[in-house]
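Have a look at the structure below, then the notes.
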Amino acid sequence: MSIVAWLVLGLVAGVLARLIVPGRDPLGWIGTLVLGLGGAFVGGYFGRALFNDDSVGLIGAVIGAIILLVIYNAMFRHRGLARS
């Protein structure tokens, strides 16, 4: 897969993950792209571990991005509320 294809896959997967997971995420375009690329790696890892399949695909990338977004929300949910 070419670099441009990875970037498009990452952006689409990041946008879909942000649409699926409820809540506000302060991520811009670059953050969404990084989320999708990370999701592609996570989805590829789990796809290889569970199904012995090397192809990531959009579904695996979206599932991986959802996992990363849920972890991100759990870590930084109350970040702005602690200030007095």
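Residues are referred to by chain and number: the chain letter is A, B, ... according to the order shown in the structure tokens, the number counts from 1 in that chain, and ligands are numbered separately from 1 in the order shown.
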Checklist entry - What lies within 10 Å of segment 38-42 of chain A using only C-alpha atoms, ignoring chain neighbours under 4 positions off, as a PyMOL selection string? => result chain A and resi 6+9-10+13-14+17+32-34+46-48+55-69
Preceding selection exported with N, CA and C atoms as a short mmCIF file (atom, residue, chain, number, x, y, z; two decimals), in the first residue's frame:
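The result, stored in again_4.cif:
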```
data_model
loop_
_atom_site.label_atom_id
_atom_site.label_comp_id
_atom_site.auth_asym_id
_atom_site.auth_seq_id
_atom_site.Cartn_x
_atom_site.Cartn_y
_atom_site.Cartn_z
N TRP A 6 -2.29 4.93 2.69
CA TRP A 6 -2.29 4.82 4.15
C TRP A 6 -2.85 6.09 4.79
N LEU A 9 -6.63 6.11 4.19
CA LEU A 9 -7.23 5.11 5.06
C LEU A 9 -7.26 5.61 6.50
N GLY A 10 -6.16 6.19 6.96
CA GLY A 10 -6.10 6.71 8.32
C GLY A 10 -7.09 7.83 8.56
N ALA A 13 -10.68 6.33 8.52
CA ALA A 13 -10.90 5.52 9.72
C ALA A 13 -11.03 6.41 10.95
N GLY A 14 -10.21 7.46 11.04
CA GLY A 14 -10.29 8.37 12.18
C GLY A 14 -11.61 9.13 12.21
N ALA A 17 -14.38 6.67 13.22
CA ALA A 17 -14.29 6.36 14.65
C ALA A 17 -14.82 7.51 15.50
N THR A 32 -6.94 13.47 14.02
CA THR A 32 -7.83 12.46 13.45
C THR A 32 -7.05 11.52 12.53
N LEU A 33 -6.13 12.09 11.77
CA LEU A 33 -5.29 11.27 10.88
C LEU A 33 -4.40 10.33 11.69
N VAL A 34 -3.78 10.85 12.74
CA VAL A 34 -2.93 10.01 13.60
C VAL A 34 -3.77 8.94 14.30
N PHE A 46 -4.42 -6.92 15.76
CA PHE A 46 -5.46 -7.83 16.22
C PHE A 46 -5.95 -8.74 15.10
N GLY A 47 -6.00 -8.23 13.88
CA GLY A 47 -6.39 -9.08 12.76
C GLY A 47 -5.41 -10.22 12.53
N ARG A 48 -4.12 -9.91 12.68
CA ARG A 48 -3.11 -10.94 12.52
C ARG A 48 -3.14 -11.93 13.69
N SER A 55 -4.01 -8.44 6.00
CA SER A 55 -4.66 -7.26 5.43
C SER A 55 -5.43 -6.52 6.51
N VAL A 56 -5.26 -5.22 6.56
CA VAL A 56 -5.92 -4.41 7.59
C VAL A 56 -7.34 -4.08 7.14
N GLY A 57 -7.48 -3.36 6.08
CA GLY A 57 -8.79 -2.96 5.59
C GLY A 57 -9.40 -1.85 6.42
N LEU A 58 -10.43 -1.27 5.88
CA LEU A 58 -11.07 -0.14 6.55
C LEU A 58 -11.77 -0.57 7.83
N ILE A 59 -12.38 -1.71 7.84
CA ILE A 59 -13.11 -2.15 9.04
C ILE A 59 -12.14 -2.37 10.20
N GLY A 60 -11.02 -3.03 9.95
CA GLY A 60 -10.03 -3.23 11.00
C GLY A 60 -9.45 -1.92 11.49
N ALA A 61 -9.21 -0.98 10.58
CA ALA A 61 -8.68 0.32 10.97
C ALA A 61 -9.68 1.10 11.81
N VAL A 62 -10.95 1.03 11.46
CA VAL A 62 -11.97 1.73 12.24
C VAL A 62 -12.11 1.10 13.62
N ILE A 63 -12.10 -0.21 13.70
CA ILE A 63 -12.20 -0.88 15.00
C ILE A 63 -10.99 -0.53 15.86
N GLY A 64 -9.80 -0.53 15.28
CA GLY A 64 -8.61 -0.14 16.03
C GLY A 64 -8.66 1.31 16.47
N ALA A 65 -9.17 2.20 15.62
CA ALA A 65 -9.29 3.62 15.97
C ALA A 65 -10.32 3.82 17.08
N ILE A 66 -11.39 3.04 17.07
CA ILE A 66 -12.38 3.11 18.14
C ILE A 66 -11.76 2.71 19.46
N ILE A 67 -10.96 1.64 19.44
CA ILE A 67 -10.27 1.20 20.66
C ILE A 67 -9.36 2.30 21.18
N LEU A 68 -8.58 2.92 20.29
CA LEU A 68 -7.67 3.99 20.71
C LEU A 68 -8.44 5.21 21.21
N LEU A 69 -9.56 5.54 20.58
CA LEU A 69 -10.34 6.70 20.99
C LEU A 69 -10.99 6.48 22.35
#
```
Item to check | Proximity to Val21 of chain A - best of A:Val70, A:Gly43, A:Gly36, A:Met75, only C-alpha atoms | outcome: A:Val70
Next on the checklist: Using DSSP assignments from the backbone, pull out every residue in chain A that falls under alpha helix (DSSP H) and give it to me as a ChimeraX atom specification.
Outcome noted: /A:3-20,29-51,57-76
Next on the checklist: To one decimal place in Å, what is the distance between atom CA of Val15 of chain A and atom CA of Asn73 of chain A?
Outcome noted: 15.5 Å
Checklist entry - Quick one: distance from atom CA of Gly23 of chain A to atom CA of Arg77 of chain A in Å, one decimal? => result 9.8 Å
Item to check | Which residue of A:Val8, A:Leu27, A:Leu37, A:Ala49 approaches Tyr72 of chain A most closely, using only C-alpha atoms | outcome: A:Leu27
Item to check | Gap from atom CA of Ile3 of chain A to atom CA of Trp29 of chain A - Å, one decimal | outcome: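 Between atom CA of Ile3 of chain A and atom CA of Trp29 of chain A the gap works out to 17.1 Å.
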